[in-house]
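Down below is the structure, laid out as structure tokens.
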Amino acid sequence: MNLKSSLLLFITLLLLSSCDKKRVFDQYKTVGSSWDKDSIVSFDLPIMDTIKEYNLFINIRDNSNYPFNNLFVIVSLEQANGQTKIDTLEYQMAEADGTLLGNGFTDIKENKLYYKERMRFKSGVYKVHIKQALRKTGDIGGLQKLEGITDVGFRIEKIE
């Protein structure tokens, strides 16, 4: 790639990212080519405005190696008051025929999955911990490695 192409790509990415006016926090962490059952993806959230409401999302990047139609995750939200709220969530990741849902032109898809709507933060530090909890039917122990998940992210958007 020559200098002119690199500069054009950089400017395009800069313009696209500046158009995202709702974004308050948006971060991804890679899990490799598979998400281990014992791997917890954690995010330290910024101090948020206590008057405003926010929508919270879990972002998942997966590829054609993902063998299931759904995804189960356990999300722990450590609140500023010391309490932790834990949710077990299920998301549809593919159509019945196996076609992956999400955005993307290649075999890598990006899924923006609702976690909490219209949340108000209290003053203080919050942390989010996400782990996969997928099990095959009849398997109590769960999958040791969940193939096809490459990145896990967390996003906060302000409500306008």
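Chains: A, B, ... in order of the structure tokens. Residues: from 1 per chain. Ligands: from 1, in order shown.
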
Residues of stretch 76-146 of chain A at most 8 Å from stretch 32-40 of chain A: nearest atom pair and distance in Å, only C-alpha atoms, as JSON lines:
```
{"residue": "A:His129", "atom": "CA", "partner": "A:Ile40", "partner_atom": "CA", "distance": 6.2}
{"residue": "A:Ile130", "atom": "CA", "partner": "A:Ile40", "partner_atom": "CA", "distance": 5.6}
{"residue": "A:Lys131", "atom": "CA", "partner": "A:Ile40", "partner_atom": "CA", "distance": 4.8}
{"residue": "A:Gln132", "atom": "CA", "partner": "A:Lys37", "partner_atom": "CA", "distance": 6.0}
{"residue": "A:Ala133", "atom": "CA", "partner": "A:Lys37", "partner_atom": "CA", "distance": 6.9}
{"residue": "A:Gly142", "atom": "CA", "partner": "A:Lys37", "partner_atom": "CA", "distance": 7.5}
{"residue": "A:Leu143", "atom": "CA", "partner": "A:Lys37", "partner_atom": "CA", "distance": 6.5}
{"residue": "A:Gln144", "atom": "CA", "partner": "A:Lys37", "partner_atom": "CA", "distance": 5.0}
{"residue": "A:Lys145", "atom": "CA", "partner": "A:Asp36", "partner_atom": "CA", "distance": 4.4}
{"residue": "A:Leu146", "atom": "CA", "partner": "A:Trp35", "partner_atom": "CA", "distance": 4.9}
```

- Message: Taking 5 positions as the minimum chain separation for residues in the same chain, which residues sit within 10 Å of A:Val125 when counting only C-alpha atoms? Answer as number ranges by chain.
- Response: A: 44-48, 78-82

Let me see the file: selected residues, C-alpha atoms, as a short mmCIF file (atom, residue, chain, number, x, y, z; two decimals), in the first residue's frame.
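Once written, result.cif looks like this:
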```cif
data_model
loop_
_atom_site.label_atom_id
_atom_site.label_comp_id
_atom_site.auth_asym_id
_atom_site.auth_seq_id
_atom_site.Cartn_x
_atom_site.Cartn_y
_atom_site.Cartn_z
CA ASP A 44 -13.05 -0.72 33.33
CA LEU A 45 -15.71 1.83 32.50
CA PRO A 46 -15.11 5.58 32.55
CA ILE A 47 -16.79 7.77 35.15
CA MET A 48 -20.23 8.51 33.73
CA GLU A 78 -19.62 -4.33 39.42
CA GLN A 79 -21.33 -1.19 40.59
CA ALA A 80 -19.89 1.81 42.39
CA ASN A 81 -21.75 0.89 45.61
CA GLY A 82 -19.91 -2.45 45.82
#
```

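Interatomic distance, atom CA of A:Leu101 against atom CA of A:Lys22: 22.9 Å.
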
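Of the listed residues (A:Tyr114, A:Tyr28, A:Phe154, A:Tyr54), A:Phe154 comes nearest to A:Lys127; the distances count only C-alpha atoms.
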
- With a distance cut-off of 10 Å and only C-alpha atoms, select the neighbouring residues of A:Ile159, excluding the residue or stretch itself and same-chain residues fewer than 6 positions from it, and output the selection as a list in words. Lys22, Arg23, Lys52, Glu53, Tyr54, Asn55, Glu117, Arg118 and Met119 of chain A
